Amino acid sequence: MAQDKAGEIIHDSHIKDDAEFFWGWSTPAGKLRAERRADLIVKELNKKGFSKILEIGSGTGIFTDFLCRAGFEVHGIDISSDLLKKAAQKCSGAGNLTLSVADAQALPYPDASFDAVIGVCVLHHMDVSPVLSEIKRVMKDGGLMIFSEPNMMNPQLALQKNIKPIKRLKVLGETEDETAFFRWPMKKMLENTGFKNVSVTPFDFLHPWTPKPFIPFVKNLGIVLEHIPVIREIAGSLFIYAVK
């Protein structure tokens, strides 16, 4: 999939003030979903004792802020300067953060610069193969790649990403070239790039627009469903983990 980088930049400039609404992170359920992803990532990084992290697709700084508050040395990049201005405001005062406008297909860092490379809901906007090669290049040996991405097996996402009249609904905030991933092809792509210990796991049945009174029930039910074979395959997201 070729990325329309100019189109992405224009799109981001249009939604910058409401980006977290369109991305589903601003609702009560959306905030819980963000916290869960951040907790999963931080837990894996702390297991390894890592400190120097590259975040690809920092956007408005939702996950950047989590990483900074967890004490990591964070280098965040995004293709959109408009979104990074929002991230700078959100993370104002963080002395352990460097933000840069950069293209993930040509990362402006030397080889083996980072302990880990992470991102949330960003690879599905990109031409994945060259990005994975760049991620691997800037990681130290034994470093981690951790991403959360939309799952194409989820019925809503399958419709949203593939039916053009639905995809073009302004309320969804979609770009023309963004997609979602099937977990087995993603696992194979990572292995072909040279990553080891690859796992791509479906997770999260909590929809960002779940009404607040129903959140506890849906959250707990989702945890159960994540452990049921076949049913778990239609979860909303994929947790992607790989080692260089």
# chains A, B, ... in the order shown; residues from 1 in each chain; ligands from 1

call {"tool": "closest_atom_pairs", "arguments": {"of": "range 153-241 of chain A", "to": "range 34-46 of chain A", "cutoff": "10 Å", "atoms": "only C-alpha atoms", "output": "JSON lines"}}
result
{"residue": "A:Asp204", "atom": "CA", "partner": "A:Arg36", "partner_atom": "CA", "distance": 9.2}
{"residue": "A:Pro208", "atom": "CA", "partner": "A:Ala34", "partner_atom": "CA", "distance": 9.7}
{"residue": "A:Phe239", "atom": "CA", "partner": "A:Arg37", "partner_atom": "CA", "distance": 8.7}
{"residue": "A:Tyr241", "atom": "CA", "partner": "A:Glu44", "partner_atom": "CA", "distance": 9.3}

call {"tool": "write_last_selection", "arguments": {"atoms": "C-alpha atoms", "output": "PDB file, in the first residue's frame"}}
result
ATOM      1  CA  ASP A 204      -9.886  -5.385  23.103  1.00  0.00           C
ATOM      2  CA  PRO A 208     -14.711   3.713  22.179  1.00  0.00           C
ATOM      3  CA  PHE A 239      -1.029  -6.240  19.904  1.00  0.00           C
ATOM      4  CA  TYR A 241       5.405  -7.657  19.655  1.00  0.00           C
TER       5      TYR A 241
END

call {"tool": "residues_around", "arguments": {"residues": "range 81-93 of chain A", "least_positions_apart": "2", "cutoff": "9 Å", "atoms": "only C-alpha atoms", "output": "MDAnalysis selection string"}}
result
chainID A and resid 9 12:13 16:17 19 58:62 64:65 68 76:79 95:97 99:101

call {"tool": "closest_atom_pairs", "arguments": {"of": "range 61-108 of chain A", "to": "range 132-156 of chain A", "cutoff": "9 Å", "atoms": "only C-alpha atoms", "output": "Markdown table"}}
result
| residue | atom | partner | partner_atom | distance |
| --- | --- | --- | --- | --- |
| A:Ala104 | CA | A:Glu134 | CA | 7.2 |
| A:Gln105 | CA | A:Glu134 | CA | 6.3 |
| A:Ala106 | CA | A:Glu134 | CA | 6.8 |
| A:Leu107 | CA | A:Glu134 | CA | 6.6 |

call {"tool": "write_last_selection", "arguments": {"atoms": "C-alpha atoms", "output": "mmCIF file, in the first residue's frame"}}
result
data_model
loop_
_atom_site.group_PDB
_atom_site.id
_atom_site.type_symbol
_atom_site.label_atom_id
_atom_site.label_comp_id
_atom_site.auth_asym_id
_atom_site.auth_seq_id
_atom_site.Cartn_x
_atom_site.Cartn_y
_atom_site.Cartn_z
ATOM 1 C CA ALA A 104 8.966 6.701 9.214
ATOM 2 C CA GLN A 105 10.254 5.398 5.871
ATOM 3 C CA ALA A 106 13.474 7.406 6.314
ATOM 4 C CA LEU A 107 14.114 7.722 10.032
#

call {"tool": "closest_residue", "arguments": {"among": "A:Ala242, A:Ala235, A:Met126, A:Ile163", "to": "Glu8 in chain A", "atoms": "only C-alpha atoms"}}
result
A:Met126

call {"tool": "closest_residue", "arguments": {"among": "A:Ser26, A:Pro202, A:Lys188, A:His125", "to": "Val230 in chain A", "atoms": "only C-alpha atoms"}}
result
A:Pro202

call {"tool": "atom_distance", "arguments": {"atom1": "CA of Asp4 in chain A", "atom2": "CA of Val74 in chain A"}}
result
26.8 Å

call {"tool": "residues_around", "arguments": {"residues": "Gly222 in chain A", "least_positions_apart": "4", "cutoff": "7 Å", "atoms": "only C-alpha atoms", "output": "PDB file with N, CA and C atoms, in the first residue's frame"}}
result
ATOM      1  N   ASP A 204      -9.031  -6.561  22.881  1.00  0.00           N
ATOM      2  CA  ASP A 204      -9.886  -5.385  23.103  1.00  0.00           C
ATOM      3  C   ASP A 204     -11.238  -5.445  22.377  1.00  0.00           C
ATOM      4  N   PHE A 205     -12.268  -5.685  23.152  1.00  0.00           N
ATOM      5  CA  PHE A 205     -13.646  -5.643  22.663  1.00  0.00           C
ATOM      6  C   PHE A 205     -14.393  -4.399  23.144  1.00  0.00           C
ATOM      7  N   LEU A 206     -13.713  -3.530  23.869  1.00  0.00           N
ATOM      8  CA  LEU A 206     -14.350  -2.315  24.360  1.00  0.00           C
ATOM      9  C   LEU A 206     -14.367  -1.263  23.263  1.00  0.00           C
ATOM     10  N   VAL A 218     -18.925  -4.299  29.660  1.00  0.00           N
ATOM     11  CA  VAL A 218     -18.308  -4.595  28.365  1.00  0.00           C
ATOM     12  C   VAL A 218     -16.817  -4.859  28.527  1.00  0.00           C
ATOM     13  N   GLU A 226     -11.480 -12.387  24.980  1.00  0.00           N
ATOM     14  CA  GLU A 226     -10.107 -12.427  24.469  1.00  0.00           C
ATOM     15  C   GLU A 226      -9.445 -13.792  24.682  1.00  0.00           C
TER      16      GLU A 226
END

call {"tool": "atom_distance", "arguments": {"atom1": "CA of Gly119 in chain A", "atom2": "CA of Gly71 in chain A"}}
result
17.0 Å

call {"tool": "select_by_dssp", "arguments": {"residues": "range 118-176 of chain A", "states": "strand (DSSP E or B)", "output": "JSON, numbers by chain"}}
result
{"A": [118, 119, 120, 139, 140, 141, 142, 143, 144, 145, 146, 147, 148, 149, 150, 151]}

call {"tool": "write_last_selection", "arguments": {"atoms": "N, CA and C atoms", "output": "PDB file, in the first residue's frame"}}
result
ATOM      1  N   ILE A 118       8.001   1.997  19.412  1.00  0.00           N
ATOM      2  CA  ILE A 118       6.599   1.714  19.707  1.00  0.00           C
ATOM      3  C   ILE A 118       5.693   2.640  18.897  1.00  0.00           C
ATOM      4  N   GLY A 119       4.420   2.257  18.836  1.00  0.00           N
ATOM      5  CA  GLY A 119       3.431   3.097  18.172  1.00  0.00           C
ATOM      6  C   GLY A 119       2.039   2.538  18.384  1.00  0.00           C
ATOM      7  N   VAL A 120       1.054   3.417  18.345  1.00  0.00           N
ATOM      8  CA  VAL A 120      -0.339   3.002  18.517  1.00  0.00           C
ATOM      9  C   VAL A 120      -1.164   3.560  17.362  1.00  0.00           C
ATOM     10  N   MET A 139      16.828  -0.037  15.757  1.00  0.00           N
ATOM     11  CA  MET A 139      16.757  -0.751  17.027  1.00  0.00           C
ATOM     12  C   MET A 139      18.086  -1.412  17.364  1.00  0.00           C
ATOM     13  N   LYS A 140      18.404  -1.433  18.646  1.00  0.00           N
ATOM     14  CA  LYS A 140      19.564  -2.185  19.112  1.00  0.00           C
ATOM     15  C   LYS A 140      19.256  -3.681  19.055  1.00  0.00           C
ATOM     16  N   ASP A 141      20.291  -4.493  18.966  1.00  0.00           N
ATOM     17  CA  ASP A 141      20.100  -5.941  19.033  1.00  0.00           C
ATOM     18  C   ASP A 141      19.423  -6.300  20.351  1.00  0.00           C
ATOM     19  N   GLY A 142      18.392  -7.125  20.256  1.00  0.00           N
ATOM     20  CA  GLY A 142      17.633  -7.483  21.444  1.00  0.00           C
ATOM     21  C   GLY A 142      16.546  -6.496  21.796  1.00  0.00           C
ATOM     22  N   GLY A 143      16.428  -5.431  21.004  1.00  0.00           N
ATOM     23  CA  GLY A 143      15.411  -4.416  21.255  1.00  0.00           C
ATOM     24  C   GLY A 143      14.015  -4.890  20.892  1.00  0.00           C
ATOM     25  N   LEU A 144      13.020  -4.151  21.362  1.00  0.00           N
ATOM     26  CA  LEU A 144      11.624  -4.513  21.152  1.00  0.00           C
ATOM     27  C   LEU A 144      10.934  -3.575  20.177  1.00  0.00           C
ATOM     28  N   MET A 145      10.049  -4.150  19.382  1.00  0.00           N
ATOM     29  CA  MET A 145       9.085  -3.392  18.593  1.00  0.00           C
ATOM     30  C   MET A 145       7.714  -3.741  19.147  1.00  0.00           C
ATOM     31  N   ILE A 146       6.958  -2.722  19.598  1.00  0.00           N
ATOM     32  CA  ILE A 146       5.638  -2.945  20.173  1.00  0.00           C
ATOM     33  C   ILE A 146       4.648  -1.959  19.554  1.00  0.00           C
ATOM     34  N   PHE A 147       3.619  -2.488  18.913  1.00  0.00           N
ATOM     35  CA  PHE A 147       2.597  -1.657  18.285  1.00  0.00           C
ATOM     36  C   PHE A 147       1.208  -2.204  18.592  1.00  0.00           C
ATOM     37  N   SER A 148       0.236  -1.330  18.584  1.00  0.00           N
ATOM     38  CA  SER A 148      -1.172  -1.724  18.611  1.00  0.00           C
ATOM     39  C   SER A 148      -1.808  -1.179  17.346  1.00  0.00           C
ATOM     40  N   GLU A 149      -2.488  -2.070  16.600  1.00  0.00           N
ATOM     41  CA  GLU A 149      -3.060  -1.688  15.308  1.00  0.00           C
ATOM     42  C   GLU A 149      -4.469  -2.271  15.147  1.00  0.00           C
ATOM     43  N   PRO A 150      -5.294  -1.675  14.278  1.00  0.00           N
ATOM     44  CA  PRO A 150      -6.648  -2.192  14.061  1.00  0.00           C
ATOM     45  C   PRO A 150      -6.640  -3.572  13.401  1.00  0.00           C
ATOM     46  N   ASN A 151      -7.594  -4.392  13.798  1.00  0.00           N
ATOM     47  CA  ASN A 151      -7.710  -5.778  13.345  1.00  0.00           C
ATOM     48  C   ASN A 151      -8.747  -5.880  12.221  1.00  0.00           C
TER      49      ASN A 151
END

call {"tool": "select_by_dssp", "arguments": {"residues": "range 77-130 of chain A", "states": "alpha helix (DSSP H)", "output": "PyMOL selection string"}}
result
chain A and resi 81-90+128-130
